[in-house]
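J.: Contents of structure-v8.tsv (TSV, C-alpha atoms) are given next:
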```tsv
chain	number	residue	atom	x	y	z
A	1	MET	CA	1.09	-12.26	17.35
A	2	LYS	CA	-2.24	-13.42	15.92
A	3	PRO	CA	-1.98	-15.52	12.72
A	4	THR	CA	-4.01	-12.96	10.75
A	5	LEU	CA	-1.81	-10.12	11.98
A	6	MET	CA	1.34	-12.07	11.14
A	7	LYS	CA	0.06	-12.82	7.63
A	8	THR	CA	-0.80	-9.14	7.19
A	9	ALA	CA	2.64	-8.05	8.36
A	10	LEU	CA	4.25	-10.53	6.01
A	11	ALA	CA	2.13	-9.41	3.07
A	12	ALA	CA	2.83	-5.77	3.82
A	13	ALA	CA	6.53	-6.51	3.78
A	14	LEU	CA	6.19	-8.54	0.60
A	15	LEU	CA	3.98	-6.18	-1.36
A	16	LEU	CA	6.75	-3.73	-2.09
A	17	ALA	CA	9.86	-5.08	-0.43
A	18	PRO	CA	12.73	-6.10	-2.66
A	19	VAL	CA	13.19	-9.82	-3.32
A	20	PRO	CA	15.94	-10.26	-0.64
A	21	ALA	CA	13.41	-9.12	1.97
A	22	PHE	CA	11.27	-12.13	1.06
A	23	ALA	CA	14.09	-14.39	2.18
A	24	GLN	CA	14.27	-12.47	5.48
A	25	ALA	CA	10.50	-12.75	5.91
A	26	ALA	CA	10.60	-16.47	5.26
A	27	ALA	CA	13.32	-16.80	7.89
A	28	GLY	CA	11.10	-15.09	10.46
A	29	ALA	CA	12.60	-11.59	10.49
A	30	VAL	CA	9.82	-9.66	8.80
A	31	PRO	CA	11.15	-6.30	7.59
A	32	ASN	CA	8.96	-3.24	7.95
A	33	ALA	CA	8.29	-2.19	4.38
A	34	PHE	CA	7.32	1.31	5.54
A	35	ASP	CA	10.85	1.97	6.81
A	36	LYS	CA	12.50	1.44	3.42
A	37	PRO	CA	10.15	2.54	0.61
A	38	ALA	CA	13.06	3.75	-1.54
A	39	GLN	CA	14.30	0.15	-1.82
A	40	SER	CA	11.20	-0.90	-3.70
A	41	GLY	CA	13.01	-0.56	-7.01
A	42	THR	CA	10.38	1.78	-8.35
A	43	ALA	CA	10.64	5.27	-9.71
A	44	GLN	CA	10.66	8.09	-7.21
A	45	ALA	CA	7.22	9.39	-6.30
A	46	ARG	CA	6.42	12.94	-7.31
A	47	PRO	CA	6.69	15.49	-4.54
A	48	ALA	CA	3.45	16.33	-2.79
A	49	PRO	CA	2.59	20.00	-2.39
A	50	ALA	CA	3.20	21.75	0.89
A	51	PRO	CA	0.26	21.23	3.27
A	52	THR	CA	-1.49	24.53	2.66
A	53	GLY	CA	-5.26	24.21	2.64
A	54	ALA	CA	-6.89	23.71	-0.74
A	55	ALA	CA	-3.60	23.15	-2.60
A	56	GLN	CA	-3.20	19.83	-0.79
A	57	ALA	CA	-6.77	18.58	-1.20
A	58	PRO	CA	-6.54	17.40	-4.84
A	59	ASP	CA	-3.50	15.19	-4.13
A	60	ILE	CA	-5.15	13.66	-1.07
A	61	ALA	CA	-8.37	13.12	-2.99
A	62	ARG	CA	-6.45	11.60	-5.93
A	63	SER	CA	-4.47	9.36	-3.59
A	64	GLU	CA	-7.60	8.16	-1.79
A	65	GLU	CA	-9.38	7.52	-5.09
A	66	ALA	CA	-6.43	5.51	-6.42
A	67	LEU	CA	-6.09	3.57	-3.16
A	68	ARG	CA	-9.78	2.67	-3.12
A	69	ALA	CA	-9.49	1.54	-6.76
A	70	VAL	CA	-6.45	-0.65	-6.01
A	71	ILE	CA	-8.23	-2.30	-3.06
A	72	ALA	CA	-11.43	-2.79	-5.05
A	73	ALA	CA	-9.46	-4.37	-7.89
A	74	ALA	CA	-7.64	-6.70	-5.49
A	75	GLN	CA	-10.95	-7.74	-3.94
A	76	GLY	CA	-12.57	-8.06	-7.34
A	77	THR	CA	-11.04	-9.29	-10.59
A	78	GLY	CA	-7.41	-8.48	-9.73
A	79	PHE	CA	-5.00	-5.58	-10.06
A	80	ASP	CA	-5.08	-3.26	-13.07
A	81	TYR	CA	-1.35	-3.21	-13.81
A	82	SER	CA	-1.70	-0.21	-16.11
A	83	ASP	CA	-2.13	1.89	-12.94
A	84	PHE	CA	1.38	1.01	-11.69
A	85	THR	CA	4.88	1.87	-12.82
A	86	ALA	CA	6.53	-1.03	-14.66
A	87	GLY	CA	8.82	-1.84	-11.72
A	88	LEU	CA	6.08	-1.80	-9.11
A	89	GLY	CA	3.76	-3.77	-11.36
A	90	ALA	CA	6.41	-6.47	-11.78
A	91	GLN	CA	6.91	-6.71	-8.02
A	92	ILE	CA	3.19	-6.96	-7.35
A	93	ARG	CA	2.74	-9.61	-10.06
A	94	GLN	CA	5.32	-11.79	-8.29
A	95	GLN	CA	3.35	-11.58	-5.04
A	96	GLU	CA	-0.21	-11.45	-6.36
A	97	ALA	CA	-1.05	-15.04	-5.36
A	98	GLN	CA	-0.31	-14.24	-1.72
A	99	VAL	CA	-1.52	-10.63	-1.56
A	100	ILE	CA	-4.93	-10.87	-3.24
A	101	PRO	CA	-6.38	-13.54	-0.90
A	102	LEU	CA	-5.07	-11.56	2.06
A	103	ILE	CA	-6.72	-8.32	0.94
A	104	LYS	CA	-9.94	-10.17	0.15
A	105	GLY	CA	-9.82	-11.60	3.68
A	106	PHE	CA	-9.85	-8.09	5.15
A	107	GLY	CA	-13.51	-7.85	4.18
A	108	ALA	CA	-15.37	-4.78	2.99
A	109	ILE	CA	-13.95	-1.30	3.48
A	110	LYS	CA	-15.66	0.54	6.33
A	111	THR	CA	-13.61	3.76	6.31
A	112	VAL	CA	-10.63	5.36	4.62
A	113	GLN	CA	-9.05	8.12	6.68
A	114	TYR	CA	-6.18	10.36	5.59
A	115	VAL	CA	-3.41	10.28	8.22
A	116	ARG	CA	-0.47	12.34	6.93
A	117	GLN	CA	2.15	12.80	4.29
A	118	GLU	CA	5.08	10.38	4.60
A	119	GLY	CA	7.95	11.63	2.50
A	120	GLU	CA	6.56	11.83	-1.00
A	121	ALA	CA	3.59	9.52	-0.35
A	122	GLN	CA	0.26	9.85	1.42
A	123	MET	CA	-0.65	7.60	4.36
A	124	PHE	CA	-4.20	6.40	4.99
A	125	LYS	CA	-5.80	4.32	7.72
A	126	VAL	CA	-8.16	1.84	6.08
A	127	THR	CA	-10.61	0.04	8.32
A	128	PHE	CA	-12.08	-3.13	6.85
A	129	ASP	CA	-14.65	-5.48	8.38
A	130	ASN	CA	-11.89	-7.82	9.60
A	131	GLN	CA	-8.71	-5.72	9.79
A	132	VAL	CA	-7.45	-2.19	10.42
A	133	THR	CA	-4.51	-1.28	8.17
A	134	GLU	CA	-2.25	1.57	7.18
A	135	TRP	CA	-1.50	2.16	3.51
A	136	MET	CA	0.96	4.47	1.78
A	137	ILE	CA	0.57	5.43	-1.85
A	138	GLY	CA	2.75	7.62	-4.04
A	139	PHE	CA	2.89	8.53	-7.70
A	140	ASP	CA	5.57	9.19	-10.30
A	141	ALA	CA	5.68	12.18	-12.67
A	142	GLU	CA	3.36	10.34	-15.12
A	143	ASP	CA	0.74	9.83	-12.37
A	144	LYS	CA	1.41	6.08	-12.19
A	145	ILE	CA	1.41	4.44	-8.77
A	146	ALA	CA	5.12	4.19	-7.89
A	147	ALA	CA	4.79	3.29	-4.20
A	148	LEU	CA	2.18	1.13	-2.50
A	149	LEU	CA	2.66	-0.28	0.98
A	150	PHE	CA	0.33	-1.66	3.61
A	151	ARG	CA	0.62	-3.05	7.10
A	152	PRO	CA	-1.53	-3.65	10.16
A	153	ALA	CA	-2.40	-0.35	11.81
A	154	GLU	CA	-0.26	0.54	14.77
A	155	SER	CA	-2.14	0.77	18.03
```
Before we go any further, please render this structure as structure tokens.

T.:
Amino acid sequence: MKPTLMKTALAAALLLAPVPAFAQAAAGAVPNAFDKPAQSGTAQARPAPAPTGAAQAPDIARSEEALRAVIAAAQGTGFDYSDFTAGLGAQIRQQEAQVIPLIKGFGAIKTVQYVRQEGEAQMFKVTFDNQVTEWMIGFDAEDKIAALLFRPAES
């Protein structure tokens, strides 16, 4: 595995994984954060509407807008914690020193492409200058970001 890819996988696991997963990651068994989003300790994301034409578009558009804002903040002055649920914000704060340099290292965003709904979250493929990634984002009933995961894109 390339060093950049390994760092990305580690950061993806760390971004929303519970604290015990950090110990696993440090030991070399990097958990896949996408497989266990409910363990993030955050509030449940609000259900997305059934995929029926125009009814789905606003949620996808809102998710993409929020995702772009999160990435821009990470590559700029830092995360705006008012966008996150309290639990998710606390988890991200603990990992900010590792995650922000990693996201900055991805380079500029080239494309953001909607992939599919994953449970109660939306998945996007984000292509940067230096990395291709997959991101999942979900919201709680108050429209706060309750789930945020990223990993290297699967081939």

J.: Given the choices A:Ala121, A:Ile60, A:Ala74, A:Val115, which gets closest to Ile145 of chain A if the distance is worked out from all atoms listed in the file?

T.: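 Checking each of A:Ala121, A:Ile60, A:Ala74, A:Val115 against Ile145 of chain A, counting all atoms listed in the file, the winner is A:Ala121.
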
J.: Would you pick out the contacts of segment 123-132 of chain A at 6 Å or less, using all atoms listed in the file, so that residues sharing its chain but fewer than 6 positions from it are not included, and give the list as an MDAnalysis selection string?

T.: chainID A and resid 106:117 153

J.: At most 10 Å from (-4.8, -2.6, -9.0), file frame, all atoms listed in the file: which residues, as an MDAnalysis selection string?

T.: chainID A and resid 66:84 89 92 145

J.: Just the selected residues (C-alpha atoms), exported as a compact mmCIF listing (two decimals), keeping the file's coordinate frame, please.

T.:
```txt
# COMPACT_ATOMS: atom_id res chain seq x y z
CA ALA A 66 -6.43 5.51 -6.42
CA LEU A 67 -6.09 3.57 -3.16
CA ARG A 68 -9.78 2.67 -3.12
CA ALA A 69 -9.49 1.54 -6.76
CA VAL A 70 -6.45 -0.65 -6.01
CA ILE A 71 -8.23 -2.30 -3.06
CA ALA A 72 -11.43 -2.79 -5.05
CA ALA A 73 -9.46 -4.37 -7.89
CA ALA A 74 -7.64 -6.70 -5.49
CA GLN A 75 -10.95 -7.74 -3.94
CA GLY A 76 -12.57 -8.06 -7.34
CA THR A 77 -11.04 -9.29 -10.59
CA GLY A 78 -7.41 -8.48 -9.73
CA PHE A 79 -5.00 -5.58 -10.06
CA ASP A 80 -5.08 -3.26 -13.07
CA TYR A 81 -1.35 -3.21 -13.81
CA SER A 82 -1.70 -0.21 -16.11
CA ASP A 83 -2.13 1.89 -12.94
CA PHE A 84 1.38 1.01 -11.69
CA GLY A 89 3.76 -3.77 -11.36
CA ILE A 92 3.19 -6.96 -7.35
CA ILE A 145 1.41 4.44 -8.77
```

J.: Of the residues A:Glu64, A:Asp59, A:Ile100, A:Leu88, which is the one nearest to Met136 of chain A, using only C-alpha atoms?

T.: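 The answer is A:Glu64, which sits nearest to Met136 of chain A.
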
J.: One decimal, Å: what's the distance from atom CA of Arg62 of chain A over to atom CA of Val99 of chain A, could you say?

T.: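 Distance reported for this atom pair: 23.2 Å.
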
J.: Atom CA of Ala90 of chain A and atom CA of Ala141 of chain A, how far apart in Å?

T.: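 Between atom CA of Ala141 of chain A and atom CA of Ala90 of chain A the gap works out to 18.7 Å.
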
J.: Could you tell me how far atom CA of Phe150 of chain A lies from atom CA of Trp135 of chain A, in Å and to one decimal?

T.: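 These two atoms are separated by 4.2 Å.
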
J.: Step by step, gather every atom of segment 77-80 of chain A that the file lists, find the box along x, y and z that holds them, add 4 Å on each side, and finally give centre and edge lengths in Å to one decimal, as JSON.

T.:
```
{"center_x": -8.0, "center_y": -6.3, "center_z": -11.4, "size_x": 14.0, "size_y": 14.0, "size_z": 11.3}
```
